[in-house]
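Visitor: Next comes upload17.txt, compact mmCIF, C-alpha atoms and all ligand atoms:
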# COMPACT_ATOMS: atom_id res chain seq x y z
CA MET P 123 80.49 -17.88 13.04
CA ALA P 124 81.73 -21.31 11.93
CA ALA P 125 82.33 -21.45 8.18
CA GLY P 126 79.57 -24.02 7.62
CA LYS P 127 76.96 -21.90 9.43
CA HIS P 128 78.16 -18.81 7.60
CA PHE P 129 77.71 -20.55 4.24
CA ALA P 130 74.24 -21.80 5.23
CA ALA P 131 73.26 -18.26 6.28
CA LEU P 132 74.46 -16.88 2.93
CA MET P 133 72.34 -19.45 1.05
CA SER P 134 69.15 -19.05 3.09
CA ASP P 135 66.15 -17.28 1.55
CA ARG P 136 67.84 -17.03 -1.82
CA ARG P 137 65.98 -17.20 -5.12
CA VAL P 138 68.12 -17.99 -8.13
CA HIS P 139 66.92 -17.05 -11.63
CA ILE P 140 68.05 -19.22 -14.51
CA ASN P 141 68.13 -18.27 -18.17
CA ASP P 142 68.29 -21.37 -20.35
CA VAL P 143 70.43 -20.69 -23.42
CA ALA P 144 70.48 -24.17 -24.99
CA MET P 145 68.40 -23.20 -28.01
CA ARG P 146 70.88 -20.39 -28.80
CA ASP P 147 74.32 -21.06 -27.26
CA GLY P 148 73.66 -24.79 -27.60
CA LEU P 149 72.51 -24.93 -31.20
CA GLN P 150 74.83 -22.27 -32.65
CA ILE P 151 77.81 -24.63 -32.50
CA GLU P 152 76.00 -27.67 -33.93
CA ALA P 153 76.75 -28.99 -37.39
CA VAL P 154 73.27 -30.47 -37.77
CA PHE P 155 70.27 -28.30 -38.53
CA VAL P 156 67.62 -29.12 -35.97
CA PRO P 157 64.22 -29.00 -37.71
CA THR P 158 62.28 -25.84 -36.87
CA GLU P 159 59.31 -27.70 -35.38
CA GLN P 160 61.64 -29.56 -32.99
CA LYS P 161 63.14 -26.27 -31.82
CA ILE P 162 59.66 -24.83 -31.24
CA ALA P 163 58.56 -27.96 -29.36
CA MET P 164 61.64 -27.78 -27.14
CA VAL P 165 61.11 -24.09 -26.28
CA ASN P 166 57.47 -24.89 -25.51
CA ALA P 167 58.51 -27.76 -23.23
CA LEU P 168 61.11 -25.57 -21.49
CA SER P 169 58.39 -22.93 -20.98
CA GLN P 170 56.57 -25.44 -18.75
CA THR P 171 59.51 -26.06 -16.40
CA GLY P 172 59.33 -22.85 -14.36
CA LEU P 173 62.31 -21.13 -16.00
CA SER P 174 61.96 -17.36 -15.83
CA LYS P 175 63.93 -16.70 -19.00
CA ILE P 176 64.64 -18.63 -22.21
CA GLU P 177 67.05 -17.60 -24.95
CA VAL P 178 65.15 -18.84 -27.95
CA THR P 179 67.41 -18.16 -30.93
CA SER P 180 69.82 -15.75 -32.53
CA PHE P 181 69.26 -13.23 -35.33
CA THR P 182 72.70 -13.48 -36.89
CA SER P 183 73.78 -13.89 -40.47
CA PRO P 184 72.47 -17.24 -41.73
CA LYS P 185 75.82 -17.68 -43.48
CA ALA P 186 77.69 -17.29 -40.17
CA ILE P 187 75.35 -19.47 -38.08
CA PRO P 188 73.27 -21.64 -40.44
CA ALA P 189 71.92 -23.70 -37.52
CA LEU P 190 69.77 -20.72 -36.49
CA ARG P 191 68.67 -19.50 -39.91
CA ASP P 192 65.02 -20.09 -38.92
CA ALA P 193 65.08 -17.49 -36.12
CA GLU P 194 61.93 -15.62 -37.31
CA GLN P 195 59.82 -18.73 -37.58
CA VAL P 196 60.90 -20.08 -34.19
CA MET P 197 60.34 -16.77 -32.43
CA MET P 198 56.91 -16.24 -34.02
CA GLU P 199 55.58 -19.77 -33.56
CA ILE P 200 56.48 -20.61 -29.97
CA ALA P 201 53.63 -20.57 -27.46
CA ARG P 202 54.60 -17.80 -25.07
CA VAL P 203 53.81 -18.46 -21.45
CA PRO P 204 53.08 -15.39 -19.28
CA GLY P 205 55.86 -14.82 -16.78
CA VAL P 206 58.55 -16.28 -19.02
CA ARG P 207 60.86 -13.78 -20.71
CA TYR P 208 61.73 -14.79 -24.29
CA VAL P 209 65.13 -13.55 -25.39
CA ALA P 210 67.04 -13.58 -28.67
CA LEU P 211 70.63 -12.74 -29.39
CA ALA P 212 71.57 -10.12 -31.97
CA PRO P 213 75.14 -9.29 -33.03
CA ASN P 214 74.35 -6.07 -34.92
CA MET P 215 71.62 -3.53 -35.81
CA ARG P 216 70.23 -5.74 -38.57
CA GLY P 217 69.81 -8.59 -36.08
CA ALA P 218 68.25 -6.28 -33.49
CA GLN P 219 65.69 -5.01 -36.00
CA ARG P 220 64.77 -8.56 -36.99
CA ALA P 221 64.38 -9.44 -33.29
CA LEU P 222 62.19 -6.38 -32.62
CA GLU P 223 59.96 -7.26 -35.58
CA CYS P 224 59.39 -10.63 -33.90
CA ARG P 225 58.45 -8.87 -30.66
CA VAL P 226 61.10 -10.46 -28.46
CA ASP P 227 60.83 -9.55 -24.78
CA GLU P 228 64.56 -8.95 -24.59
CA ILE P 229 67.45 -8.58 -27.01
CA ASN P 230 70.75 -10.03 -25.90
CA LEU P 231 73.58 -8.03 -27.48
CA VAL P 232 77.14 -9.33 -27.50
CA MET P 233 80.54 -7.84 -27.51
CA SER P 234 83.77 -9.16 -26.07
CA ALA P 235 86.09 -7.63 -23.52
CA SER P 236 89.04 -8.57 -25.77
CA GLU P 237 89.38 -7.14 -29.26
CA THR P 238 90.69 -10.30 -30.95
CA HIS P 239 87.66 -12.33 -29.92
CA ASN P 240 85.34 -9.47 -30.77
CA LEU P 241 86.76 -9.22 -34.28
CA ALA P 242 86.49 -12.99 -34.77
CA ASN P 243 82.95 -13.12 -33.39
CA THR P 244 81.34 -9.97 -34.73
CA GLY P 245 83.72 -8.55 -37.35
CA MET P 246 83.96 -5.30 -35.40
CA THR P 247 86.58 -3.52 -33.30
CA LEU P 248 85.68 -2.87 -29.67
CA ALA P 249 85.04 0.79 -30.45
CA GLN P 250 82.71 -0.13 -33.32
CA SER P 251 80.77 -2.64 -31.20
CA ARG P 252 80.39 -0.14 -28.39
CA LYS P 253 78.84 2.35 -30.81
CA VAL P 254 76.57 -0.18 -32.51
CA LEU P 255 75.32 -1.60 -29.22
CA THR P 256 74.68 1.88 -27.86
CA ASP P 257 72.64 2.70 -30.98
CA ILE P 258 70.66 -0.51 -30.52
CA ILE P 259 69.84 0.32 -26.89
CA ARG P 260 68.29 3.55 -28.21
CA GLU P 261 66.47 1.79 -31.05
CA ALA P 262 64.97 -0.81 -28.68
CA ARG P 263 63.83 1.62 -25.99
CA GLY P 264 60.19 1.05 -25.17
CA ARG P 265 59.98 -2.00 -27.43
CA ALA P 266 62.15 -4.61 -25.71
CA ALA P 267 64.53 -4.90 -22.79
CA VAL P 268 68.22 -4.99 -23.70
CA ASN P 269 70.84 -7.18 -22.09
CA ILE P 270 74.52 -6.81 -22.88
CA SER P 271 76.57 -10.01 -22.77
CA ILE P 272 80.26 -9.25 -22.31
CA SER P 273 82.15 -12.23 -23.76
CA THR P 274 85.67 -13.23 -22.64
CA ALA P 275 85.08 -11.31 -19.38
CA PHE P 276 87.18 -13.82 -17.46
CA GLY P 277 89.91 -14.32 -20.06
CA CYS P 278 90.31 -14.63 -23.82
CA PRO P 279 91.46 -17.85 -25.48
CA MET P 280 93.59 -15.76 -27.85
CA GLU P 281 94.72 -12.73 -25.80
CA GLY P 282 94.80 -14.38 -22.36
CA HIS P 283 94.25 -12.28 -19.26
CA VAL P 284 91.44 -9.73 -19.33
CA ALA P 285 91.74 -6.99 -16.71
CA PRO P 286 88.68 -6.58 -14.46
CA GLU P 287 88.90 -2.82 -15.10
CA THR P 288 88.20 -3.47 -18.80
CA VAL P 289 85.03 -5.36 -17.87
CA TYR P 290 83.94 -2.75 -15.33
CA ALA P 291 84.49 0.08 -17.82
CA LEU P 292 82.37 -1.65 -20.49
CA GLY P 293 79.63 -2.36 -17.97
CA ASP P 294 79.76 1.21 -16.64
CA TRP P 295 79.24 2.51 -20.15
CA PHE P 296 76.27 0.30 -20.98
CA ALA P 297 74.68 0.85 -17.56
CA SER P 298 74.94 4.60 -18.18
CA GLN P 299 73.33 4.13 -21.61
CA GLY P 300 70.24 2.40 -20.19
CA ALA P 301 70.99 -1.31 -20.59
CA ASP P 302 68.49 -3.35 -18.56
CA GLY P 303 70.91 -6.20 -17.89
CA ILE P 304 74.59 -7.07 -18.10
CA THR P 305 75.89 -10.63 -18.35
CA LEU P 306 79.53 -11.43 -17.68
CA CYS P 307 80.46 -14.40 -19.85
CA ASP P 308 83.25 -16.89 -19.33
CA THR P 309 83.15 -17.85 -22.99
CA THR P 310 85.66 -20.69 -22.88
CA GLY P 311 85.62 -21.82 -19.24
CA MET P 312 88.75 -20.00 -18.08
CA ALA P 313 87.29 -18.59 -14.85
CA ASN P 314 88.06 -20.04 -11.43
CA PRO P 315 86.04 -19.42 -8.25
CA MET P 316 88.60 -17.02 -6.76
CA GLN P 317 88.52 -14.91 -9.93
CA VAL P 318 84.71 -14.86 -9.84
CA ALA P 319 84.80 -13.66 -6.22
CA GLU P 320 87.34 -10.96 -7.04
CA LEU P 321 85.46 -9.69 -10.11
CA ALA P 322 82.17 -9.75 -8.19
CA ASP P 323 83.68 -7.73 -5.34
CA GLY P 324 84.11 -4.77 -7.66
CA LEU P 325 80.47 -5.04 -8.79
CA ASP P 326 78.76 -4.57 -5.46
CA GLN P 327 76.13 -1.81 -6.04
CA ARG P 328 78.05 -0.72 -9.14
CA TRP P 329 75.17 -0.84 -11.63
CA PRO P 330 72.01 -0.10 -9.63
CA GLY P 331 68.81 -1.19 -11.36
CA VAL P 332 70.70 -3.33 -13.87
CA GLU P 333 70.18 -7.10 -13.71
CA LEU P 334 73.54 -8.79 -13.31
CA THR P 335 73.95 -12.33 -14.69
CA LEU P 336 76.91 -14.72 -14.83
CA HIS P 337 77.44 -17.04 -17.79
CA PHE P 338 79.84 -19.94 -17.27
CA HIS P 339 81.07 -22.69 -19.54
CA ASN P 340 82.16 -25.94 -17.96
CA THR P 341 85.11 -26.38 -20.32
CA ARG P 342 87.54 -27.13 -17.48
CA GLY P 343 85.10 -28.53 -14.95
CA MET P 344 84.89 -25.33 -12.87
CA GLY P 345 81.39 -24.27 -13.92
CA LEU P 346 79.28 -25.12 -10.86
CA ALA P 347 82.11 -24.17 -8.49
CA ASN P 348 82.03 -20.75 -10.16
CA VAL P 349 78.29 -20.53 -9.51
CA ILE P 350 78.90 -21.15 -5.81
CA ALA P 351 81.50 -18.36 -5.83
CA GLY P 352 78.97 -16.09 -7.55
CA LEU P 353 76.25 -16.98 -5.03
CA ILE P 354 78.57 -16.24 -2.10
CA ALA P 355 79.25 -12.87 -3.73
CA GLY P 356 75.48 -12.22 -3.81
CA ILE P 357 74.73 -12.78 -7.52
CA ASP P 358 71.43 -14.58 -8.19
CA ARG P 359 71.16 -14.79 -11.99
CA TYR P 360 72.84 -17.45 -14.10
CA ASP P 361 72.81 -18.58 -17.69
CA ALA P 362 72.89 -22.34 -18.17
CA SER P 363 72.01 -24.71 -20.97
CA LEU P 364 69.87 -27.81 -21.01
CA GLY P 365 72.09 -30.89 -21.21
CA GLY P 366 75.20 -28.70 -20.85
CA VAL P 367 75.39 -28.20 -24.61
CA GLY P 368 76.82 -25.08 -26.23
CA GLY P 369 79.86 -23.03 -27.12
CA CYS P 370 81.01 -20.10 -29.21
CA PRO P 371 81.92 -21.11 -32.77
CA TYR P 372 84.50 -18.29 -32.89
CA ALA P 373 86.40 -19.25 -29.72
CA PRO P 374 89.05 -21.98 -30.01
CA GLY P 375 88.36 -24.85 -27.60
CA ALA P 376 84.86 -23.74 -26.66
CA THR P 377 82.62 -26.39 -25.10
CA GLY P 378 79.32 -26.53 -23.29
CA ASN P 379 77.68 -24.18 -20.85
CA ILE P 380 77.02 -25.23 -17.30
CA CYS P 381 74.14 -27.65 -17.44
CA THR P 382 70.72 -26.32 -16.43
CA GLU P 383 69.37 -29.52 -14.89
CA ASP P 384 72.65 -30.15 -13.02
CA LEU P 385 72.52 -26.58 -11.68
CA VAL P 386 68.87 -26.86 -10.61
CA HIS P 387 69.56 -30.26 -9.04
CA MET P 388 72.52 -28.87 -7.09
CA LEU P 389 70.51 -25.89 -5.85
CA ASP P 390 67.52 -28.13 -4.98
CA THR P 391 69.74 -30.36 -2.86
CA MET P 392 71.16 -27.25 -1.14
CA GLY P 393 67.66 -25.93 -0.42
CA VAL P 394 68.13 -22.89 -2.68
CA ALA P 395 64.95 -21.98 -4.59
CA THR P 396 64.93 -21.71 -8.38
CA GLY P 397 61.24 -22.13 -9.18
CA VAL P 398 62.27 -24.76 -11.75
CA ASP P 399 60.99 -28.34 -11.80
CA VAL P 400 64.06 -30.53 -12.24
CA ASP P 401 62.01 -33.59 -13.27
CA ARG P 402 60.50 -31.69 -16.18
CA LEU P 403 63.95 -30.44 -17.17
CA LEU P 404 65.26 -34.00 -17.11
CA VAL P 405 62.49 -35.07 -19.49
CA CYS P 406 63.55 -32.25 -21.86
CA ALA P 407 67.25 -33.13 -21.52
CA ALA P 408 66.59 -36.78 -22.32
CA ARG P 409 65.29 -35.66 -25.73
CA LEU P 410 68.51 -33.83 -26.66
CA PRO P 411 70.75 -36.73 -27.79
CA ALA P 412 68.24 -37.71 -30.47
CA MET P 413 67.77 -34.07 -31.48
CA LEU P 414 71.49 -33.32 -31.77
CA VAL P 415 72.54 -36.83 -32.82
CA HIS P 416 75.24 -37.00 -30.16
CA ASP P 417 75.68 -37.53 -26.44
CA ILE P 418 75.29 -34.60 -24.03
CA PRO P 419 77.59 -33.65 -21.14
CA GLY P 420 74.85 -33.34 -18.46
CA ALA P 421 75.54 -35.52 -15.41
CA VAL P 422 72.19 -35.91 -13.63
CA VAL P 423 70.38 -37.06 -16.75
CA ARG P 424 72.76 -40.06 -16.75
CA ALA P 425 73.27 -40.67 -13.03
CA GLY P 426 69.73 -39.84 -11.84
CA LYS P 427 69.02 -37.46 -8.97
CA SER P 428 71.02 -37.91 -5.78
CA ASP P 429 67.87 -39.08 -3.96
CA SER P 430 67.43 -41.94 -6.43
CA ARG P 431 67.55 -45.22 -4.54
CA TYR P 432 68.62 -48.54 -6.03
CA PRO P 433 68.00 -52.10 -4.81
CA PRO P 434 70.85 -53.62 -2.78
CA PRO P 435 72.79 -56.59 -4.19
CA ALA P 436 70.60 -59.71 -4.29
CA ASN P 437 72.96 -61.54 -1.92
CA ILE P 438 73.06 -58.75 0.71
CA GLU P 439 71.75 -61.04 3.47
CA ALA P 440 74.36 -63.68 2.68
CA ILE P 441 77.06 -60.98 2.92
CA ARG P 442 75.66 -59.86 6.29
CA ALA P 443 75.57 -63.46 7.60
CA ARG P 444 79.18 -63.99 6.54
CA ALA P 445 80.25 -60.70 8.19
CA LEU P 446 78.51 -61.62 11.45
CA ALA P 447 79.93 -65.19 11.38
CA ARG P 448 83.43 -63.69 11.22
CA GLU P 449 82.71 -61.81 14.50
CA THR P 450 82.10 -65.05 16.41
CA VAL P 451 85.45 -66.74 15.55
N1 LIG H 1 70.95 -11.04 -40.00
C1 LIG H 1 70.94 -11.48 -41.27
N2 LIG H 1 71.93 -11.28 -42.15
C2 LIG H 1 72.97 -10.55 -41.72
C3 LIG H 1 73.03 -10.03 -40.41
C4 LIG H 1 71.96 -10.30 -39.54
N3 LIG H 1 71.96 -9.90 -38.28
N4 LIG H 1 74.18 -9.37 -40.28
C5 LIG H 1 74.82 -9.43 -41.46
N5 LIG H 1 74.09 -10.17 -42.32
C6 LIG H 1 74.46 -10.54 -43.69
C7 LIG H 1 74.73 -9.36 -44.55
O1 LIG H 1 73.55 -8.92 -45.17
C8 LIG H 1 75.71 -9.93 -45.55
O2 LIG H 1 74.99 -10.73 -46.48
P1 LIG H 1 75.47 -10.83 -48.01
O3 LIG H 1 76.82 -11.53 -47.96
O4 LIG H 1 74.40 -11.66 -48.63
O5 LIG H 1 75.55 -9.44 -48.49
C9 LIG H 1 76.54 -10.89 -44.71
O6 LIG H 1 75.69 -11.25 -43.61
C10 LIG H 1 77.82 -10.29 -44.20
O7 LIG H 1 77.52 -9.05 -43.60
P2 LIG H 1 78.61 -8.07 -42.97
O8 LIG H 1 77.91 -6.87 -42.43
O9 LIG H 1 79.73 -7.87 -43.96
O10 LIG H 1 79.09 -8.84 -41.70
P3 LIG H 1 80.37 -9.75 -41.44
O11 LIG H 1 80.66 -10.68 -42.55
O12 LIG H 1 81.45 -8.88 -40.89
O13 LIG H 1 79.75 -10.64 -40.25
C11 LIG H 1 78.26 -10.88 -38.38
C12 LIG H 1 79.32 -10.05 -39.06
C13 LIG H 1 78.05 -10.31 -37.00
C14 LIG H 1 76.97 -10.83 -39.16
C15 LIG H 1 78.73 -12.32 -38.32
O14 LIG H 1 80.07 -12.38 -37.90
C16 LIG H 1 77.89 -13.15 -37.38
O15 LIG H 1 76.71 -13.37 -37.58
N6 LIG H 1 78.54 -13.68 -36.36
C17 LIG H 1 77.89 -14.50 -35.40
C18 LIG H 1 78.10 -13.97 -34.04
C19 LIG H 1 77.52 -14.93 -33.08
O16 LIG H 1 76.33 -15.15 -33.04
N7 LIG H 1 78.38 -15.55 -32.25
C20 LIG H 1 77.98 -16.46 -31.26
C21 LIG H 1 77.34 -15.82 -30.12
S1 LIG H 1 78.47 -15.23 -28.92
ZN ZN H 2 78.36 -18.97 -24.00
Could you write out this structure as structure tokens?
Guide:
Amino acid sequence: MAAGKHFAALMSDRRVHINDVAMRDGLQIEAVFVPTEQKIAMVNALSQTGLSKIEVTSFTSPKAIPALRDAEQVMMEIARVPGVRYVALAPNMRGAQRALECRVDEINLVMSASETHNLANTGMTLAQSRKVLTDIIREARGRAAVNISISTAFGCPMEGHVAPETVYALGDWFASQGADGITLCDTTGMANPMQVAELADGLDQRWPGVELTLHFHNTRGMGLANVIAGLIAGIDRYDASLGGVGGCPYAPGATGNICTEDLVHMLDTMGVATGVDVDRLLVCAARLPAMLVHDIPGAVVRAGKSDSRYPPPANIEAIRARALARETV
């Protein structure tokens, strides 16, 4: 089959699920404290866009991440829409217990594939994190789903290369311990599409019954290309953040996630279903610069959708007349 037809066949009848992480991955790196009621209003607006999952906040130490020190209030006061899964990140048992008390639908636990980043991010060795996360899976059973986000899965900004076997072994462990989902995170945008394809090849049917998600940052402009590589490999779940905001405060050079509205717009134009209304997302994204007091990286919110049409130059007929006149000489 010609390559174009093969690609079209791979993309047909697909349904992509998007988890918007702007209110967690986006806000955790911000210097400004976004007022609690603005956070709640944004989650409520995102709940009306068709997203199947929203990462609402993070139950970390308020000293480590002061921007999210209002996690309880945000989680308790949002208007939950049936069908939307509301997630919160927790870095340790204390965070997981706080999240469970707020009746989150899903706890997102983090550990890195590289020890240096894990120490910087969570204060724990890999062995310690593995134990703590395993204990939390047990603690949460029957009360909330548990997703494990494996940071630096595509490379560590401090240690460099991360072997796929390291990532597979971590995933194997958590899948065997009853994790409901595993997210492979490219924390600082080091992944390239070939690497995504290679890593994904080893995942085919590896963790049956476990939701597999990819989490890309657009730090080096490869974010959406990596999504295409993931889609070709058969992966249908992606983290993305409204406006393309975000980044890990403990990873040198971290910048924003792939942008939710740019991702939905790309998939819409390709005819790939997401269930998300891009126009509603764009309304939400347009509110971000005022909320964060800085510009956002998202492209479509600035350029408009690719089916936007603009009036031609006012002198278009004069240009045509001149062009035709040239033909007759
Ligand atoms: N919620 C609230 N407070 C917490 C907490 C939690 N989940 N975990 C720890 N704390 C508090 C402790 O009570 C302690 O407070 P104190 O100084 O008043 O006694 C303080 O934070 C330090 O606790 P400690 O257990 O010594 O942890 P630490 O200093 O090694 O920090 C983390 C570990 C995980 C709490 C911290 O590094 C953190 O929150 N990191 C953020 C990770 C993150 O979200 N990264 C971005 C996402 S990838
Ligand atoms: Zn991230």
Visitor: Neighbours of ligand ZN 2 (chain H) within 6 Å, counting only C-alpha atoms and all ligand atoms, as a list of chain:residue names?
Guide: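 My answer, listing the contacting residues, is P:Asp147, P:Thr309, P:Gly369, P:Cys370.
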Visitor: In Å, with one decimal, what is the gap from atom CA of P:Gly293 to atom CA of P:Ala210?
Guide: 20.0 Å
Visitor: Counting only C-alpha atoms, select every polymer residue within 10 Å of (62.7, -24.6, -18.8) as defined in the file's coordinates, and provide the selection as a CSV table (one decimal) with C-alpha atoms, in the frame of the given file.
Guide:
chain,number,residue,atom,x,y,z
P,140,ILE,CA,68.0,-19.2,-14.5
P,141,ASN,CA,68.1,-18.3,-18.2
P,142,ASP,CA,68.3,-21.4,-20.4
P,143,VAL,CA,70.4,-20.7,-23.4
P,144,ALA,CA,70.5,-24.2,-25.0
P,164,MET,CA,61.6,-27.8,-27.1
P,165,VAL,CA,61.1,-24.1,-26.3
P,166,ASN,CA,57.5,-24.9,-25.5
P,167,ALA,CA,58.5,-27.8,-23.2
P,168,LEU,CA,61.1,-25.6,-21.5
P,169,SER,CA,58.4,-22.9,-21.0
P,170,GLN,CA,56.6,-25.4,-18.8
P,171,THR,CA,59.5,-26.1,-16.4
P,172,GLY,CA,59.3,-22.8,-14.4
P,173,LEU,CA,62.3,-21.1,-16.0
P,174,SER,CA,62.0,-17.4,-15.8
P,175,LYS,CA,63.9,-16.7,-19.0
P,176,ILE,CA,64.6,-18.6,-22.2
P,206,VAL,CA,58.6,-16.3,-19.0
P,363,SER,CA,72.0,-24.7,-21.0
P,364,LEU,CA,69.9,-27.8,-21.0
P,382,THR,CA,70.7,-26.3,-16.4
P,383,GLU,CA,69.4,-29.5,-14.9
P,398,VAL,CA,62.3,-24.8,-11.8
P,399,ASP,CA,61.0,-28.3,-11.8
P,400,VAL,CA,64.1,-30.5,-12.2
P,402,ARG,CA,60.5,-31.7,-16.2
P,403,LEU,CA,64.0,-30.4,-17.2
P,404,LEU,CA,65.3,-34.0,-17.1
P,406,CYS,CA,63.6,-32.2,-21.9
Visitor: For the atom pair atom CA of P:Pro279 and atom CA of P:Tyr372, what is the interatomic distance in Å to one decimal place?
Guide: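 One can read the atom CA of P:Pro279 to atom CA of P:Tyr372 distance as 10.2 Å.
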Visitor: Which neighbours of P:Ile151 fall inside 10 Å, counting all atoms listed in the file, when residues of the same chain fewer than 3 positions from it are skipped, and could you give them as an NGL selection string?
Guide: :P and (146-148 or 154 or 187-190 or 367-372 or 376-378)
Visitor: Got a sec to check which residues lie within 9 Å of ligand LIG 1 (chain H), using only C-alpha atoms and all ligand atoms, and send them as a count of residues only?
Guide: 41
Visitor: Between atom CA of P:Gly277 and atom CA of P:Met312, what distance in Å does the model show, to one decimal?
Guide: 6.1 Å
Visitor: Go through P:Leu248, P:Val423, P:Ala235, P:Ala262 and flag the residue nearest P:Glu223, using all atoms listed in the file for the distances.
Guide: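 Using all atoms listed in the file, the shortest distance to P:Glu223 belongs to P:Ala262.
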